[in-house]
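Coordinates as given in start.tsv (TSV, C-alpha atoms):
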chain	number	residue	atom	x	y	z
W	266	MET	CA	6.95	-18.97	10.43
W	267	LYS	CA	9.97	-19.62	12.62
W	268	ALA	CA	11.66	-16.75	10.78
W	269	LEU	CA	8.62	-14.52	11.40
W	270	ILE	CA	8.85	-15.02	15.15
W	271	GLU	CA	12.59	-14.30	15.07
W	272	THR	CA	12.03	-11.18	12.93
W	273	ILE	CA	9.50	-9.84	15.43
W	274	VAL	CA	11.41	-10.70	18.60
W	275	GLN	CA	15.03	-9.88	17.77
W	276	PRO	CA	14.55	-6.07	17.58
W	277	LEU	CA	12.79	-6.09	20.97
W	278	VAL	CA	15.48	-7.78	23.07
W	279	ASP	CA	18.96	-6.95	24.36
W	280	TYR	CA	20.46	-10.29	23.28
W	281	PRO	CA	19.09	-10.91	19.76
W	282	GLU	CA	21.61	-13.66	19.03
W	283	GLU	CA	20.12	-15.69	21.88
W	284	VAL	CA	16.62	-15.72	20.40
W	285	ASN	CA	15.74	-19.29	19.52
W	286	VAL	CA	12.59	-20.81	18.08
W	287	SER	CA	12.00	-24.55	17.87
W	288	VAL	CA	9.04	-26.24	16.21
W	289	GLU	CA	6.99	-29.26	17.17
W	290	GLU	CA	4.44	-30.37	14.62
W	291	THR	CA	1.71	-33.00	14.77
W	292	ASP	CA	-1.30	-33.71	12.53
W	293	GLU	CA	-3.56	-31.16	14.24
W	294	LYS	CA	-1.19	-28.60	15.67
W	295	ILE	CA	2.05	-26.71	15.33
W	296	ARG	CA	3.76	-25.60	18.50
W	297	TYR	CA	6.49	-22.96	18.38
W	298	HIS	CA	8.73	-22.76	21.37
W	299	LEU	CA	10.45	-19.40	21.86
W	300	THR	CA	13.41	-19.00	24.20
W	301	VAL	CA	15.40	-15.84	24.91
W	302	ASN	CA	18.11	-14.77	27.33
W	303	GLU	CA	16.70	-14.78	30.86
W	304	ASN	CA	17.11	-11.00	31.09
W	305	ASP	CA	14.91	-10.60	28.01
W	306	VAL	CA	11.94	-12.67	29.18
W	307	GLY	CA	10.02	-9.59	30.30
W	308	LYS	CA	10.62	-7.97	26.92
W	309	VAL	CA	8.81	-10.75	25.06
W	310	ILE	CA	5.99	-11.26	27.58
W	311	GLY	CA	5.26	-7.71	28.71
W	312	LYS	CA	2.98	-6.40	31.42
W	313	ASN	CA	-0.02	-8.74	31.73
W	314	GLY	CA	1.33	-10.67	28.75
W	315	ARG	CA	0.63	-7.80	26.37
W	316	ILE	CA	3.68	-8.35	24.17
W	317	ALA	CA	3.18	-12.14	24.08
W	318	LYS	CA	-0.41	-11.55	23.00
W	319	ALA	CA	0.68	-9.21	20.18
W	320	ILE	CA	3.26	-11.75	18.95
W	321	ARG	CA	0.61	-14.50	18.95
W	322	THR	CA	-1.88	-12.29	17.11
W	323	VAL	CA	0.59	-11.63	14.28
W	324	VAL	CA	1.62	-15.30	14.08
W	325	HIS	CA	-2.02	-16.44	13.96
W	326	ALA	CA	-2.78	-13.96	11.16
W	327	ALA	CA	0.20	-15.24	9.16
W	328	GLY	CA	-0.88	-18.83	9.75
W	329	SER	CA	-4.55	-18.30	8.96
W	330	ASP	CA	-4.27	-20.33	5.74
W	331	ILE	CA	-2.73	-23.28	7.58
W	332	ASN	CA	-5.37	-25.77	8.66
W	333	LYS	CA	-3.79	-26.47	12.05
W	334	LYS	CA	-3.92	-24.98	15.50
W	335	ILE	CA	-0.89	-22.81	16.12
W	336	PHE	CA	0.63	-22.27	19.55
W	337	VAL	CA	3.47	-20.00	20.57
W	338	ASP	CA	5.04	-20.97	23.90
W	339	ILE	CA	7.50	-18.68	25.60
W	340	MET	CA	10.31	-20.17	27.69
Q	204	MET	CA	25.63	2.85	15.20
Q	205	ARG	CA	28.88	4.59	14.35
Q	206	GLU	CA	30.77	6.53	16.99
Q	207	ILE	CA	34.21	8.16	16.96
Q	208	THR	CA	36.37	10.37	19.13
Q	209	ALA	CA	38.20	13.21	17.40
Q	210	SER	CA	40.49	16.05	18.47
Q	211	GLY	CA	41.33	19.56	17.34
Q	212	GLN	CA	42.73	22.90	18.55
Q	213	THR	CA	39.23	23.87	19.64
Q	214	VAL	CA	35.98	22.03	20.31
Q	215	GLU	CA	34.59	23.40	17.06
Q	216	GLU	CA	37.57	22.08	15.10
Q	217	ALA	CA	37.40	18.68	16.80
Q	218	LYS	CA	33.73	18.45	15.89
Q	219	GLU	CA	34.45	19.38	12.27
Q	220	ASN	CA	37.14	16.71	12.10
Q	221	ALA	CA	34.76	14.10	13.45
Q	222	LEU	CA	31.99	15.03	11.01
Q	223	ARG	CA	34.44	14.92	8.09
Q	224	GLN	CA	35.61	11.44	9.11
Q	225	LEU	CA	32.04	10.16	9.46
Q	226	GLY	CA	30.86	11.98	6.36
Q	227	LEU	CA	27.81	13.32	8.22
Q	228	MET	CA	26.13	16.68	8.86
Q	229	GLU	CA	25.81	18.22	12.30
Q	230	ASP	CA	22.08	17.41	12.65
Q	231	GLN	CA	22.75	13.71	12.08
Q	232	VAL	CA	24.86	13.26	15.20
Q	233	ASN	CA	25.00	13.64	18.98
Q	234	VAL	CA	28.12	15.45	20.20
Q	235	GLU	CA	29.65	15.00	23.63
Q	236	VAL	CA	32.59	17.20	24.67
Q	237	ILE	CA	35.20	15.12	26.48
Q	238	ASP	CA	37.85	17.82	26.90
Q	239	GLU	CA	37.47	21.49	26.03
Q	240	GLY	CA	41.23	21.88	25.58
Q	241	LYS	CA	43.38	24.90	26.44
Q	242	LYS	CA	44.77	27.60	24.21
Q	243	GLY	CA	48.11	27.92	26.06
Q	244	ILE	CA	50.57	30.79	25.86
Q	245	LEU	CA	51.02	32.12	22.33
Q	246	GLY	CA	48.92	29.13	21.26
Q	247	VAL	CA	51.90	26.86	21.78
Q	248	PHE	CA	53.11	26.43	25.37
Q	249	GLY	CA	50.80	24.53	27.71
Q	250	SER	CA	48.16	24.08	25.09
Q	251	LYS	CA	45.87	21.06	25.22
Q	252	ARG	CA	43.88	19.65	22.39
Q	253	ALA	CA	40.08	19.52	22.55
Q	254	TYR	CA	38.38	16.13	22.34
Q	255	VAL	CA	34.82	15.32	21.35
Q	256	LYS	CA	32.88	12.09	21.06
Q	257	VAL	CA	30.54	12.08	18.08
Q	258	GLN	CA	27.82	9.49	17.67
Q	259	GLU	CA	25.63	8.93	14.66
Q	260	LYS	CA	21.93	9.45	15.52
Q	261	VAL	CA	19.75	6.48	14.72
Q	262	ASP	CA	16.94	7.31	12.36
Q	263	LEU	CA	13.90	6.03	14.29
Q	264	VAL	CA	11.65	6.49	11.27
Q	265	LYS	CA	13.79	4.04	9.27
Q	266	VAL	CA	13.89	1.54	12.14
Q	267	GLY	CA	10.09	1.30	12.19
Q	268	GLU	CA	9.87	1.17	8.41
Q	269	GLN	CA	12.37	-1.67	8.23
Q	270	PHE	CA	10.64	-3.54	11.05
Q	271	LEU	CA	7.26	-3.40	9.28
Q	272	VAL	CA	8.74	-4.36	5.92
Q	273	ASN	CA	10.56	-7.37	7.45
Q	274	VAL	CA	7.62	-8.58	9.51
Q	275	THR	CA	4.99	-8.26	6.75
Q	276	ASN	CA	7.36	-9.99	4.30
Q	277	GLU	CA	7.73	-12.91	6.70
Q	278	MET	CA	3.93	-12.97	6.99
Q	279	GLY	CA	3.90	-13.56	3.26
Q	280	VAL	CA	2.37	-10.20	2.39
Q	281	ASN	CA	3.90	-7.75	-0.02
Q	282	VAL	CA	3.34	-4.20	1.15
Q	283	GLU	CA	4.83	-0.80	0.69
Q	284	VAL	CA	5.25	1.32	3.81
Q	285	GLN	CA	4.45	5.01	3.39
Q	286	THR	CA	5.68	7.20	6.19
Q	287	THR	CA	4.42	10.52	7.53
Q	288	GLU	CA	6.43	12.18	10.25
Q	289	GLY	CA	4.84	14.49	12.79
Q	290	GLU	CA	6.11	16.02	15.99
Q	291	ASN	CA	6.98	13.03	18.21
Q	292	GLU	CA	4.74	10.89	16.04
Q	293	ILE	CA	5.38	8.59	13.11
Q	294	VAL	CA	2.50	7.31	10.99
Q	295	TYR	CA	3.13	4.24	8.82
Q	296	GLU	CA	0.59	3.48	6.13
Q	297	LEU	CA	0.65	-0.05	4.73
Q	298	VAL	CA	-0.24	-0.16	1.04
Q	299	GLY	CA	-0.54	-3.33	-1.01
Q	300	GLU	CA	-2.35	-6.63	-1.33
Q	301	LYS	CA	-3.95	-8.75	1.37
Q	302	ILE	CA	-4.44	-5.71	3.61
Q	303	GLY	CA	-7.41	-7.45	5.22
Q	304	LEU	CA	-5.05	-10.06	6.65
Q	305	LEU	CA	-2.89	-7.31	8.15
Q	306	ILE	CA	-5.87	-5.50	9.69
Q	307	GLY	CA	-7.54	-8.60	11.12
Q	308	LYS	CA	-10.78	-8.92	13.05
Q	309	ARG	CA	-11.62	-5.52	14.55
Q	310	GLY	CA	-8.12	-4.38	13.70
Q	311	GLN	CA	-6.46	-6.73	16.16
Q	312	THR	CA	-3.59	-7.64	13.82
Q	313	LEU	CA	-3.03	-4.00	12.87
Q	314	ASN	CA	-3.02	-3.10	16.58
Q	315	ALA	CA	-0.53	-5.88	17.35
Q	316	LEU	CA	1.75	-4.68	14.52
Q	317	GLN	CA	1.44	-1.11	15.80
Q	318	TYR	CA	2.33	-2.11	19.36
Q	319	LEU	CA	5.32	-4.23	18.29
Q	320	THR	CA	6.59	-1.47	15.98
Q	321	HIS	CA	6.23	1.01	18.84
Q	322	LEU	CA	8.39	-1.26	21.03
Q	323	ALA	CA	11.05	-1.76	18.34
Q	324	VAL	CA	11.28	1.99	17.60
Q	325	ASN	CA	11.34	3.18	21.20
Q	326	LYS	CA	13.88	0.59	22.28
Q	327	ILE	CA	16.60	2.22	20.16
Q	328	ASP	CA	17.23	5.47	22.00
Q	329	GLN	CA	16.07	6.18	25.56
Q	330	ASP	CA	16.35	9.92	24.90
Q	331	GLN	CA	13.83	9.99	22.06
Q	332	TYR	CA	10.23	8.93	22.56
Q	333	VAL	CA	7.79	8.76	19.68
Q	334	THR	CA	4.21	7.66	19.21
Q	335	VAL	CA	3.80	5.07	16.47
Q	336	VAL	CA	0.64	4.73	14.40
Q	337	VAL	CA	0.29	1.89	11.90
Q	338	ASP	CA	-2.60	2.36	9.50
Q	339	ALA	CA	-3.90	0.66	6.36
Q	340	GLU	CA	-6.66	1.65	3.96
Q	341	ASN	CA	-7.67	4.47	6.28
Q	342	TYR	CA	-8.67	1.91	8.92
Q	343	ARG	CA	-7.98	4.22	11.88
Q	344	TYR	CA	-10.38	6.88	10.62
Q	345	ARG	CA	-13.09	4.38	9.72
Q	346	ARG	CA	-12.72	2.73	13.12
Q	347	GLU	CA	-13.08	6.07	14.87
Q	348	GLU	CA	-16.36	6.72	13.03
Q	349	THR	CA	-17.63	3.22	13.90
Q	350	LEU	CA	-16.71	3.55	17.57
Q	351	SER	CA	-18.32	7.01	17.91
Q	352	GLN	CA	-21.53	5.66	16.40
Q	353	LEU	CA	-21.41	2.61	18.66
Q	354	ALA	CA	-20.87	4.86	21.68
Q	355	ASN	CA	-23.94	6.95	20.89
Q	356	LYS	CA	-26.09	3.91	20.19
Q	357	LEU	CA	-25.07	2.31	23.48
Q	358	ALA	CA	-25.59	5.58	25.36
Q	359	TYR	CA	-29.17	5.60	24.12
Q	360	LYS	CA	-29.64	2.01	25.31
Q	361	VAL	CA	-28.16	2.84	28.73
Q	362	MET	CA	-30.51	5.81	29.08
Q	363	ARG	CA	-33.56	3.81	28.07
Q	364	ASN	CA	-32.83	0.80	30.32
Q	365	ARG	CA	-31.23	2.77	33.18
Q	366	GLU	CA	-28.60	0.03	33.22
Q	367	ALA	CA	-24.81	0.13	32.72
Q	368	VAL	CA	-23.29	-1.47	29.60
Q	369	LYS	CA	-19.81	-2.99	29.24
Q	370	ILE	CA	-18.06	-2.79	25.87
Q	371	GLU	CA	-15.60	-5.49	24.76
Q	372	PRO	CA	-11.92	-4.96	25.65
Q	373	MET	CA	-10.05	-2.43	23.51
Q	374	PRO	CA	-6.62	-0.82	23.45
Q	375	SER	CA	-6.26	2.56	25.17
Q	376	PHE	CA	-6.42	4.68	22.00
Q	377	GLU	CA	-9.75	3.08	21.07
Q	378	ARG	CA	-11.21	3.45	24.57
Q	379	LYS	CA	-10.29	7.12	24.34
Q	380	ILE	CA	-12.50	7.47	21.26
Q	381	ILE	CA	-15.50	6.18	23.28
Q	382	HIS	CA	-14.74	8.45	26.25
Q	383	THR	CA	-14.35	11.46	23.95
Q	384	ALA	CA	-17.55	10.70	22.04
Q	385	LEU	CA	-19.64	10.68	25.25
Q	386	HIS	CA	-17.66	13.26	27.21
Q	387	ASP	CA	-20.35	15.95	26.99
Q	388	HIS	CA	-23.32	13.60	27.13
Q	389	SER	CA	-26.00	14.84	29.54
Q	390	ASP	CA	-27.33	11.47	30.72
Q	391	VAL	CA	-24.46	8.96	30.73
Q	392	SER	CA	-20.86	8.81	31.96
Q	393	THR	CA	-17.99	6.51	30.99
Q	394	HIS	CA	-15.05	4.92	32.76
Q	395	SER	CA	-12.73	1.94	32.17
Q	396	GLU	CA	-12.37	-1.25	34.19
Q	397	GLY	CA	-10.01	-4.23	34.19
Q	398	LYS	CA	-6.36	-4.54	33.28
Q	399	ASP	CA	-4.74	-4.22	29.85
Q	400	PRO	CA	-4.94	-5.99	27.47
Q	401	ASN	CA	-8.48	-6.74	28.71
Q	402	ARG	CA	-9.40	-3.27	29.89
Q	403	TYR	CA	-12.84	-2.19	28.73
Q	404	VAL	CA	-15.17	0.80	28.82
Q	405	VAL	CA	-18.31	0.91	30.91
Q	406	ILE	CA	-21.14	3.31	30.04
Q	407	LYS	CA	-23.52	4.00	32.91
Q	408	PRO	CA	-26.43	6.32	33.60
Q	409	LYS	CA	-25.50	9.57	35.33
Q	410	GLU	CA	-26.84	9.74	38.87
Q	411	GLU	CA	-29.72	12.11	39.29
Give the structure from this file in structure tokens form.
Amino acid sequence: MKALIETIVQPLVDYPEEVNVSVEETDEKIRYHLTVNENDVGKVIGKNGRIAKAIRTVVHAAGSDINKKIFVDIM
Amino acid sequence: MREITASGQTVEEAKENALRQLGLMEDQVNVEVIDEGKKGILGVFGSKRAYVKVQEKVDLVKVGEQFLVNVTNEMGVNVEVQTTEGENEIVYELVGEKIGLLIGKRGQTLNALQYLTHLAVNKIDQDQYVTVVVDAENYRYRREETLSQLANKLAYKVMRNREAVKIEPMPSFERKIIHTALHDHSDVSTHSEGKDPNRYVVIKPKEE
């Protein structure tokens, strides 16, 4: 799943090598923490959070067979 | 993206040299003339060579294809991407198993994939802009039929109750289907309210 987030985000930013995803997992939830170069923040959030929402939608679809709540935090 | 600078007696010759070195055809590159060169007297004295910068054009179609293949693979779905190219438009059709997962509830996953692919493709080259459509199992067409029917059903309700109706938020290309379906309606009018991604269509009775 970490790789999925990287695969989505890297082509959208100017500094793909600075895309980093860390994971925090508990019994009920998995929290992915995405960080990018500060100049790329807008490129992963988008106007009114449109890009962030699209990333979350794809991640949730991919994780639909996991019985945990999935969160994707940005920055 | 490969890029080289080449020279020759003339611009034409410099360009040919560059293409030979890159092993590409003229329609696969962008050419920028750096120096037109000078012929000189008798083609010898005071002559200056011509210089061109030749850059390989990125194939936007391939960029989108690769993006969709990579992302769906990471989602754990095996699909084939079939591409149709139109004028300033690329349509990607996802074919394979677990298509339902890729479409999602009311197409929200398909719409997210389409939006992200659009961003990845249009980021490459500021000089080329293309519309990206991602489709699967003819979903776009089926959705259009559903939305047109919904629009007409709601228009009837609005007429009967003389009361405006709000439809759930939709992306712009879906709102357009509603607007188009009721464009020539004699008793109701449509407009959108709110901000993307929560912008929605309102159908209201036409004022007498």
Nearest to Met266 (chain W): which of Q:Glu277, Q:Glu215, Q:Glu268, Q:Glu300 is it, counting only C-alpha atoms?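 Distance minimum relative to Met266 (chain W) lands on Q:Glu277.
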Can you pull out the residues contacting region 297-309 of chain W? Cut-off 8 Å, using all atoms listed in the file, and skip same-chain residues under 2 positions away; I want them as a PyMOL selection string. chain W and resi 267+274+277-280+283-289+295+311-312+316-317+335-340
Just give me the gap between CA of Asp399 (chain Q) and CA of Ile310 (chain W) in Å, one decimal is fine. 13.0 Å
Select residues of chain W: the criterion is any atom within 9 Å of an atom of chain Q, counting only C-alpha atoms; output as a PyMOL selection string. chain W and resi 266+268-270+272-274+276-278+312-316+318-329
Grab the CA of Lys242 (chain Q) to CA of Gln258 (chain Q) distance for me, in Å with one decimal place. 25.7 Å
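Here CA of Phe248 (chain Q) is placed at a distance of 17.7 Å from CA of Ser210 (chain Q).
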Find the residues with any atom within 12 Å of (34.3, 15.2, 12.0); use all atoms listed in the file and the coordinates as given in the file, and write the answer as a ChimeraX atom specification. /Q:206-211,214-229,231-234,254-259
Just C-alpha atoms for this one: save the residues we selected as a compact mmCIF listing (two decimals), in the frame of the given file.
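Writing the result to out-v1.txt gives the following:
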# COMPACT_ATOMS: atom_id res chain seq x y z
CA GLU Q 206 30.77 6.53 16.99
CA ILE Q 207 34.21 8.16 16.96
CA THR Q 208 36.37 10.37 19.13
CA ALA Q 209 38.20 13.21 17.40
CA SER Q 210 40.49 16.05 18.47
CA GLY Q 211 41.33 19.56 17.34
CA VAL Q 214 35.98 22.03 20.31
CA GLU Q 215 34.59 23.40 17.06
CA GLU Q 216 37.57 22.08 15.10
CA ALA Q 217 37.40 18.68 16.80
CA LYS Q 218 33.73 18.45 15.89
CA GLU Q 219 34.45 19.38 12.27
CA ASN Q 220 37.14 16.71 12.10
CA ALA Q 221 34.76 14.10 13.45
CA LEU Q 222 31.99 15.03 11.01
CA ARG Q 223 34.44 14.92 8.09
CA GLN Q 224 35.61 11.44 9.11
CA LEU Q 225 32.04 10.16 9.46
CA GLY Q 226 30.86 11.98 6.36
CA LEU Q 227 27.81 13.32 8.22
CA MET Q 228 26.13 16.68 8.86
CA GLU Q 229 25.81 18.22 12.30
CA GLN Q 231 22.75 13.71 12.08
CA VAL Q 232 24.86 13.26 15.20
CA ASN Q 233 25.00 13.64 18.98
CA VAL Q 234 28.12 15.45 20.20
CA TYR Q 254 38.38 16.13 22.34
CA VAL Q 255 34.82 15.32 21.35
CA LYS Q 256 32.88 12.09 21.06
CA VAL Q 257 30.54 12.08 18.08
CA GLN Q 258 27.82 9.49 17.67
CA GLU Q 259 25.63 8.93 14.66
Can you work out which one of Q:Thr393, Q:Gln329, Q:Gln269, Q:Thr334 has the shortest atom-to-atom distance to Glu288 (chain Q), counting all atoms listed in the file?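 Closest to Glu288 (chain Q) of all the choices is Q:Thr334.
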